[in-house]
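Asks: My structure is stored as query_30.txt, with compact mmCIF, N, CA and C atoms.
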# COMPACT_ATOMS: atom_id res chain seq x y z
N MET A 1 -3.46 -25.85 -15.75
CA MET A 1 -3.96 -24.71 -15.01
C MET A 1 -2.79 -24.00 -14.34
N LYS A 2 -2.75 -22.67 -14.44
CA LYS A 2 -1.68 -21.88 -13.85
C LYS A 2 -2.08 -21.42 -12.46
N THR A 3 -1.13 -21.44 -11.55
CA THR A 3 -1.31 -20.92 -10.21
C THR A 3 -0.42 -19.71 -10.04
N THR A 4 -0.97 -18.63 -9.52
CA THR A 4 -0.20 -17.41 -9.33
C THR A 4 0.14 -17.27 -7.85
N VAL A 5 1.41 -17.01 -7.57
CA VAL A 5 1.86 -16.80 -6.21
C VAL A 5 1.89 -15.29 -5.95
N ILE A 6 1.23 -14.86 -4.89
CA ILE A 6 1.14 -13.44 -4.56
C ILE A 6 1.74 -13.20 -3.18
N ARG A 7 2.53 -12.14 -3.06
CA ARG A 7 3.18 -11.82 -1.79
C ARG A 7 2.91 -10.37 -1.43
N ILE A 8 2.31 -10.16 -0.29
CA ILE A 8 2.08 -8.81 0.24
C ILE A 8 2.72 -8.74 1.62
N VAL A 9 3.62 -7.82 1.81
CA VAL A 9 4.28 -7.65 3.11
C VAL A 9 3.67 -6.42 3.78
N ILE A 10 3.07 -6.64 4.94
CA ILE A 10 2.49 -5.53 5.70
C ILE A 10 3.50 -5.14 6.77
N LYS A 11 4.03 -3.94 6.64
CA LYS A 11 4.99 -3.40 7.60
C LYS A 11 4.90 -1.89 7.53
N PRO A 12 5.55 -1.16 8.42
CA PRO A 12 5.51 0.31 8.33
C PRO A 12 6.15 0.81 7.03
N TYR A 13 5.47 1.72 6.34
CA TYR A 13 5.94 2.27 5.07
C TYR A 13 5.85 3.79 5.09
N THR A 14 6.70 4.43 4.28
CA THR A 14 6.60 5.86 4.02
C THR A 14 5.67 6.05 2.82
N ASN A 15 5.29 7.29 2.55
CA ASN A 15 4.47 7.58 1.37
C ASN A 15 5.20 7.18 0.10
N LYS A 16 6.49 7.42 0.04
CA LYS A 16 7.27 7.09 -1.15
C LYS A 16 7.26 5.59 -1.40
N GLU A 17 7.41 4.79 -0.35
CA GLU A 17 7.41 3.34 -0.49
C GLU A 17 6.02 2.82 -0.89
N LEU A 18 4.98 3.41 -0.29
CA LEU A 18 3.62 2.99 -0.64
C LEU A 18 3.29 3.35 -2.09
N ALA A 19 3.79 4.49 -2.55
CA ALA A 19 3.54 4.88 -3.94
C ALA A 19 4.11 3.83 -4.90
N LYS A 20 5.28 3.31 -4.60
CA LYS A 20 5.87 2.26 -5.44
C LYS A 20 5.04 0.99 -5.40
N ILE A 21 4.56 0.64 -4.20
CA ILE A 21 3.75 -0.57 -4.05
C ILE A 21 2.45 -0.46 -4.85
N PHE A 22 1.83 0.72 -4.81
CA PHE A 22 0.58 0.92 -5.53
C PHE A 22 0.80 1.31 -6.99
N ASN A 23 2.05 1.32 -7.42
CA ASN A 23 2.40 1.62 -8.80
C ASN A 23 1.85 2.99 -9.24
N ALA A 24 2.09 3.99 -8.41
CA ALA A 24 1.64 5.35 -8.68
C ALA A 24 2.81 6.30 -8.45
N SER A 25 2.74 7.48 -9.07
CA SER A 25 3.77 8.47 -8.81
C SER A 25 3.56 8.99 -7.39
N GLU A 26 4.61 9.56 -6.82
CA GLU A 26 4.52 10.09 -5.46
C GLU A 26 3.46 11.18 -5.37
N ARG A 27 3.40 12.02 -6.38
CA ARG A 27 2.45 13.13 -6.36
C ARG A 27 1.00 12.60 -6.41
N THR A 28 0.75 11.65 -7.28
CA THR A 28 -0.59 11.06 -7.37
C THR A 28 -0.96 10.37 -6.08
N PHE A 29 -0.01 9.65 -5.48
CA PHE A 29 -0.30 8.95 -4.24
C PHE A 29 -0.62 9.95 -3.12
N ARG A 30 0.13 11.03 -3.03
CA ARG A 30 -0.15 12.05 -2.00
C ARG A 30 -1.54 12.65 -2.19
N ARG A 31 -1.93 12.88 -3.45
CA ARG A 31 -3.27 13.42 -3.71
C ARG A 31 -4.35 12.42 -3.30
N ASP A 32 -4.13 11.15 -3.60
CA ASP A 32 -5.10 10.12 -3.20
C ASP A 32 -5.16 10.01 -1.68
N MET A 33 -4.02 10.11 -1.02
CA MET A 33 -3.98 10.02 0.44
C MET A 33 -4.71 11.20 1.08
N ALA A 34 -4.65 12.36 0.46
CA ALA A 34 -5.32 13.54 1.00
C ALA A 34 -6.83 13.32 1.07
N LYS A 35 -7.35 12.50 0.16
CA LYS A 35 -8.79 12.22 0.13
C LYS A 35 -9.23 11.29 1.25
N ILE A 36 -8.32 10.43 1.75
CA ILE A 36 -8.70 9.47 2.78
C ILE A 36 -8.05 9.75 4.13
N ARG A 37 -7.29 10.81 4.22
CA ARG A 37 -6.55 11.10 5.45
C ARG A 37 -7.45 11.22 6.67
N HIS A 38 -8.68 11.67 6.49
CA HIS A 38 -9.59 11.82 7.62
C HIS A 38 -10.00 10.47 8.21
N HIS A 39 -9.77 9.37 7.49
CA HIS A 39 -10.06 8.03 8.00
C HIS A 39 -8.91 7.48 8.85
N LEU A 40 -7.75 8.13 8.82
CA LEU A 40 -6.55 7.62 9.47
C LEU A 40 -6.15 8.47 10.66
N THR A 41 -5.48 7.83 11.61
CA THR A 41 -4.89 8.57 12.72
C THR A 41 -3.59 9.20 12.23
N PRO A 42 -3.08 10.22 12.92
CA PRO A 42 -1.84 10.86 12.48
C PRO A 42 -0.65 9.88 12.50
N ARG A 43 0.26 10.10 11.58
CA ARG A 43 1.47 9.27 11.53
C ARG A 43 2.37 9.58 12.71
N ASN A 44 3.17 8.60 13.08
CA ASN A 44 4.18 8.80 14.11
C ASN A 44 5.51 8.92 13.36
N GLY A 45 5.92 10.14 13.06
CA GLY A 45 7.12 10.34 12.25
C GLY A 45 6.76 10.33 10.77
N HIS A 46 7.60 9.69 9.96
CA HIS A 46 7.39 9.67 8.51
C HIS A 46 6.74 8.40 8.02
N ARG A 47 6.60 7.41 8.87
CA ARG A 47 6.07 6.12 8.45
C ARG A 47 4.65 5.91 8.94
N TRP A 48 3.87 5.19 8.13
CA TRP A 48 2.54 4.75 8.54
C TRP A 48 2.72 3.46 9.31
N SER A 49 1.96 3.28 10.39
CA SER A 49 2.06 2.06 11.20
C SER A 49 1.45 0.88 10.45
N VAL A 50 1.65 -0.32 10.98
CA VAL A 50 1.12 -1.53 10.36
C VAL A 50 -0.40 -1.45 10.27
N ASN A 51 -1.05 -1.03 11.34
CA ASN A 51 -2.52 -0.91 11.33
C ASN A 51 -2.98 0.11 10.30
N GLN A 52 -2.26 1.22 10.19
CA GLN A 52 -2.62 2.24 9.22
C GLN A 52 -2.42 1.73 7.79
N VAL A 53 -1.35 0.99 7.55
CA VAL A 53 -1.09 0.42 6.22
C VAL A 53 -2.21 -0.56 5.85
N GLU A 54 -2.63 -1.39 6.81
CA GLU A 54 -3.74 -2.30 6.54
C GLU A 54 -5.01 -1.52 6.18
N HIS A 55 -5.25 -0.43 6.90
CA HIS A 55 -6.44 0.39 6.63
C HIS A 55 -6.33 1.06 5.26
N ILE A 56 -5.16 1.58 4.92
CA ILE A 56 -4.93 2.20 3.60
C ILE A 56 -5.21 1.18 2.50
N MET A 57 -4.70 -0.05 2.70
CA MET A 57 -4.90 -1.09 1.68
C MET A 57 -6.35 -1.51 1.60
N SER A 58 -7.08 -1.45 2.70
CA SER A 58 -8.50 -1.79 2.64
C SER A 58 -9.28 -0.70 1.89
N LEU A 59 -8.85 0.56 2.01
CA LEU A 59 -9.52 1.65 1.32
C LEU A 59 -9.16 1.71 -0.17
N PHE A 60 -7.91 1.50 -0.50
CA PHE A 60 -7.45 1.56 -1.89
C PHE A 60 -7.56 0.21 -2.61
N GLY A 61 -7.70 -0.87 -1.86
CA GLY A 61 -7.63 -2.20 -2.45
C GLY A 61 -6.22 -2.73 -2.27
N ARG A 62 -6.11 -4.03 -2.11
CA ARG A 62 -4.79 -4.62 -1.86
C ARG A 62 -3.98 -4.70 -3.15
N PRO A 63 -2.79 -4.12 -3.12
CA PRO A 63 -1.89 -4.26 -4.28
C PRO A 63 -1.24 -5.64 -4.22
N PHE A 64 -0.78 -6.12 -5.33
CA PHE A 64 -0.06 -7.38 -5.31
C PHE A 64 0.99 -7.38 -6.41
N GLU A 65 1.93 -8.25 -6.22
CA GLU A 65 3.01 -8.41 -7.19
C GLU A 65 3.10 -9.90 -7.51
N VAL A 66 3.07 -10.23 -8.79
CA VAL A 66 3.21 -11.62 -9.18
C VAL A 66 4.67 -11.98 -9.09
N ILE A 67 4.99 -12.91 -8.22
CA ILE A 67 6.38 -13.31 -8.03
C ILE A 67 6.75 -14.44 -8.98
N GLU A 68 5.85 -15.38 -9.13
CA GLU A 68 6.17 -16.54 -9.93
C GLU A 68 4.88 -17.17 -10.42
N GLU A 69 4.87 -17.61 -11.67
CA GLU A 69 3.73 -18.34 -12.17
C GLU A 69 4.11 -19.79 -12.29
N LEU A 70 3.34 -20.64 -11.65
CA LEU A 70 3.59 -22.07 -11.69
C LEU A 70 2.73 -22.70 -12.77
N VAL A 71 3.30 -23.60 -13.52
CA VAL A 71 2.55 -24.27 -14.59
C VAL A 71 2.11 -25.63 -14.16
Let me see the structure of the file written as structure tokens.
Replies:
Amino acid sequence: MKTTVIRIVIKPYTNKELAKIFNASERTFRRDMAKIRHHLTPRNGHRWSVNQVEHIMSLFGRPFEVIEELV
């Protein structure tokens, strides 16, 4: 049986960084964010806060990256 190790780091991110995490182009990510922006408080600068990132991930679904597969 294989076990998959998943790592998600919740920290302040920019739109560009979140687009990479969600494996989307920056333009597509901005369009998707425009649809849910009314659910979020305004950003402080260019980064989304930790609470906002958690909320974004709850709305879009949690992204994950397979780091290692154990056999």
Asks: Take the point (-1.1, 4.1, 4.2) as written in the file and pick out every residue within 8 Å of it, counting only N, CA and C atoms; give the list as a list in words.
Replies: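 Result, sorted by chain then residue number: Tyr13, Thr14, Asn15, Leu18, Met33, Arg47, Trp48, Ser49, Asn51, Gln52, Val53, Glu54, His55, Ile56 and Met57 of chain A.
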Asks: Rounded to one decimal, what separation in Å do you get between CA of Asp32 in chain A and atom N of Val9 in chain A?
Replies: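 Atom-to-atom, CA of Asp32 in chain A to atom N of Val9 in chain A, that is 20.6 Å.
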Asks: Can you work out the spacing between CA of His39 in chain A and CA of Leu59 in chain A in Å, to one decimal?
Replies: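 Straight-line distance from CA of His39 in chain A to CA of Leu59 in chain A works out to 9.3 Å.
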Asks: Calculate how many Å separate CA of Lys35 in chain A from atom N of Phe60 in chain A, rounding to one decimal.
Replies: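 Between these atoms lies a distance of 10.8 Å.
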Asks: Select, from A:Ala34, A:His46, A:Arg62, A:Leu40, the residue with the minimum atom-to-atom distance to Ile21 in chain A, counting only N, CA and C atoms.
Replies: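 Smallest distance to Ile21 in chain A is found for A:Arg62.
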Asks: If you run DSSP over the backbone, which residues in chain A end up alpha helix (DSSP H)? Put them as a ChimeraX atom specification.
Replies: /A:15-21,26-36,50-60
Asks: Looking only at the backbone, which of the residues in chain A does DSSP tag as strand (DSSP E or B), as a list in words?
Replies: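 DSSP-assigned strand (DSSP E or B) residues in chain A: Thr3, Thr4, Val5, Ile6, Tyr13, Asn44, Arg47, Trp48, Val66, Ile67, Glu68, Glu69 and Leu70 of chain A.
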Asks: Which is closer to Ala19 in chain A than all the others in A:Ser58, A:Arg7, A:Ile36, A:Arg31, using only C-alpha atoms?
Replies: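 Of A:Ser58, A:Arg7, A:Ile36, A:Arg31, the one nearest Ala19 in chain A is A:Arg31, counting only C-alpha atoms.
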